[in-house]
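Notes for the one structure printed next.
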Amino acid sequence: MTTRLYENAVFLEHETPTGHPERADRLRSLNIALEHPNFARLERVEAKLANEDAVLLAHPEEHLFAVMRQIPEEEGEINQIEADTYASPKSLQAALTAIGGAMAAVDAVMSGEISNAFVAGRPPGHHAETSKAMGFCLFNTVAIAARHAQRKFGAERVAIVDWDVHHGNGTQDIFWNDPSVLFCSTHQMPLYPGTGAKDETGLKNNVVNAPLSANVGSEHFREAFKSRVLPALQDFSPDLILISAGFDAHHRDPLAQINLVGEDFDWATGRLMEVADRFAHNRVVSLLEGGYDLEGLAESAGLHILRLMKG
Ligand SMILES: [Zn+2]
C-alpha cells in the first residue's frame with residue numbers, strides 16, 4: 001500500500017523572526033532529503049486549505065478569532081502572539097493548510113485508499129491548548145485530525161502518540177476528559193512546557209506520560225516506549241494511530257538534551273505500525289511537530305517516512 005506525503009509551498013511562508021528555531025529551512029532541509037531515490041515511491045500530494053470551521057473541532061470560536069486578529073497584514077511584518085509564538089501574513093493560511101493536509105490524510109487512511117501518510121507542515125500544533133496559542137503553535141492540528149476521524153468516520157478510539165522531545169501539553173489539555181482518545185507522550189522532563197509528569201493521567205486514565213531525564217539516549221527511550229506506550233496502546237486497541245512526530249529528541253537538536261539517533265525513530269515507527277496492523281487496519285497518520293537541527297531533522301524524518309513506506 002501507498003505512503004502519501006502532504007506538502008504545500010505555503011508552509012515555507014509562515015515566517016518567524018531571524019534566529020527563531022522554528023523556521024522554513026526545516027522543511028527545505030527535509031525536502032532535500034526526500035529527493036533521494038529511496039523516496040521515489042512516495043506519493044506526494046498538495047495539502048489543501050481547510051475551512052476555518054475545522055479549527056472548531058478542537059478549539060472554541062474565541063480562539064480562532066483571537067488568532068485571526070493577530071495575523072499581520074503587511075508583507076514582512078511579524079507579530080508576537082505570546083512568548084515564542086509568532087505570526088506573519090501567511091501564517092493563518094499555512095496553519096489551515098497543515099490542518100487541511102491532516103484531515104485529507106485521515107480521509108485517505110480511513111477510507112482505505114492508502115495505508116499511512118506524513119504531513120510535512122508547519123507551524124506545528126501540539127502545544128496549542130483549547131484556548132491558547134503557545135510554543136510556536138497556533139492550532140492543535142493533531143487534535144483536530146483526531147476529532148475529524150471521529151466525526152466523519154465514526155472512529156471510536158483514536159490514539160495519539162507524541163514523541164516530540166517537548167510534552168504535548170495542548171493535546172493533553174484538549175483530551176484530558178475524553179476517554180475516546182488515548183494520548184501517549186515521551187518527552188524530556190524538566191523541559192518546556194513543564195507538564196507531562198507520570199501522575200498526569202487524564203480524568204479517564206486516557207493520558208500516559210513517559211518523561212525522560214536529560215542526557216539519556218536510545219535505551220531509555222525504547223524502554224519507555226516498551227514499558228508504557230506500547231502496553232497502553234494494546235489495551236486501548238485504537239481504530240487509528242496519529243503521531244505527533246517531532247524530531248527534536250535527536251542528539252544534534254539544540255533545544256533539548258535527549259540523545260536519540262535516527263534509527264530510534266525508525267524503530268518507534270515500526271513498533272507503532274505493528275500496533276496499527278493488529279488493531280487499526282494499518283492506519284497511521286503522522287504529523288510533523290518539532291525538530292530544529294536541520295541535519296538531525298532530515299535524517300530522522302527521512303528514516304521515519306522510509307519505515308512508513310515499508311508498511
Ligand atoms: Zn518539540
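By order of appearance in the C-alpha cells: chains A, B, ..., then residues from 1 within every chain, and ligands from 1 in the order shown.
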Output as a Markdown table one row per residue of chain A within 9 Å of ligand 1: the closest atom pair and its distance in Å to one decimal place, counting only C-alpha atoms and all ligand atoms, sorted by chain and residue number ascending.
| residue | atom | partner | partner_atom_place_in_ligand_line | distance |
| --- | --- | --- | --- | --- |
| A:Pro124 | CA | ligand 1 | 1 (Zn) | 8.9 |
| A:His126 | CA | ligand 1 | 1 (Zn) | 8.6 |
| A:His127 | CA | ligand 1 | 1 (Zn) | 8.7 |
| A:Gly135 | CA | ligand 1 | 1 (Zn) | 8.4 |
| A:Trp163 | CA | ligand 1 | 1 (Zn) | 8.6 |
| A:Asp164 | CA | ligand 1 | 1 (Zn) | 4.9 |
| A:Val165 | CA | ligand 1 | 1 (Zn) | 5.0 |
| A:His166 | CA | ligand 1 | 1 (Zn) | 4.3 |
| A:His167 | CA | ligand 1 | 1 (Zn) | 7.4 |
| A:Gly168 | CA | ligand 1 | 1 (Zn) | 8.3 |
| A:His187 | CA | ligand 1 | 1 (Zn) | 8.5 |
| A:Tyr192 | CA | ligand 1 | 1 (Zn) | 8.5 |
| A:Gly246 | CA | ligand 1 | 1 (Zn) | 5.8 |
| A:Phe247 | CA | ligand 1 | 1 (Zn) | 7.4 |
| A:Asp248 | CA | ligand 1 | 1 (Zn) | 5.6 |
| A:Ala249 | CA | ligand 1 | 1 (Zn) | 7.9 |
| A:Leu255 | CA | ligand 1 | 1 (Zn) | 7.8 |
| A:Ala256 | CA | ligand 1 | 1 (Zn) | 8.3 |
| A:Glu289 | CA | ligand 1 | 1 (Zn) | 6.6 |
| A:Gly290 | CA | ligand 1 | 1 (Zn) | 4.3 |
| A:Gly291 | CA | ligand 1 | 1 (Zn) | 6.4 |
| A:Tyr292 | CA | ligand 1 | 1 (Zn) | 8.3 |
| said: Let's see if you can do this: from backbone DSSP, list all alpha helix (DSSP H) residues in range 39-99 of chain A, as a PyMOL selection string. | reply: chain A and resi 61-69+91-99
Could you write out that same residue set with C-alpha atoms as a tab-separated table (two decimals), in the first residue's frame?
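Below is the file that was written, result30.tsv:
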chain	number	residue	atom	x	y	z
A	61	GLU	CA	-14.59	30.21	18.25
A	62	GLU	CA	-12.93	32.81	20.51
A	63	HIS	CA	-9.55	31.16	19.99
A	64	LEU	CA	-9.94	31.09	16.20
A	65	PHE	CA	-10.91	34.77	16.19
A	66	ALA	CA	-8.10	35.69	18.60
A	67	VAL	CA	-5.51	34.12	16.29
A	68	MET	CA	-7.11	35.70	13.19
A	69	ARG	CA	-6.97	39.13	14.82
A	91	SER	CA	0.59	32.10	8.98
A	92	LEU	CA	-3.17	31.55	9.04
A	93	GLN	CA	-3.10	30.09	5.55
A	94	ALA	CA	-0.16	27.84	6.49
A	95	ALA	CA	-1.83	26.63	9.71
A	96	LEU	CA	-5.13	25.95	7.92
A	97	THR	CA	-3.27	24.10	5.16
A	98	ALA	CA	-1.49	21.92	7.74
A	99	ILE	CA	-4.95	21.16	9.14
| said: as a ChimeraX atom specification, please: the residues near Phe265 in chain A (cut-off 7 Å, only C-alpha atoms, same-chain neighbours under 2 positions excluded). | reply: /A:262-263,267-269,300,303-304
Okay, now the selection with C-alpha atoms, as a CSV table (one decimal), in the first residue's frame?
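Result file follows (again37.csv):
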chain,number,residue,atom,x,y,z
A,262,GLY,CA,17.9,8.4,13.5
A,263,GLU,CA,17.4,4.7,13.9
A,267,TRP,CA,12.3,1.7,15.4
A,268,ALA,CA,9.5,3.6,17.1
A,269,THR,CA,7.7,3.9,13.8
A,300,SER,CA,15.3,11.2,11.4
A,303,LEU,CA,14.0,7.3,8.3
A,304,HIS,CA,10.5,7.7,9.8
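Restricting the calculation to only C-alpha atoms, the smallest distance between Thr186 in chain A and any of A:Ala224, A:Ile114, A:Val207, A:Ala159 is found for A:Ala224.
Using only C-alpha atoms for every distance, the candidate list A:Ile78, A:Leu287, A:Ile258, A:Ala9 yields A:Ile258 as the residue closest to Glu219 in chain A.
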| remark: If you count only C-alpha atoms, the residue of A:Glu35, A:Glu43, A:Glu200, A:Glu299 closest to Tyr6 in chain A turns out to be A:Glu43
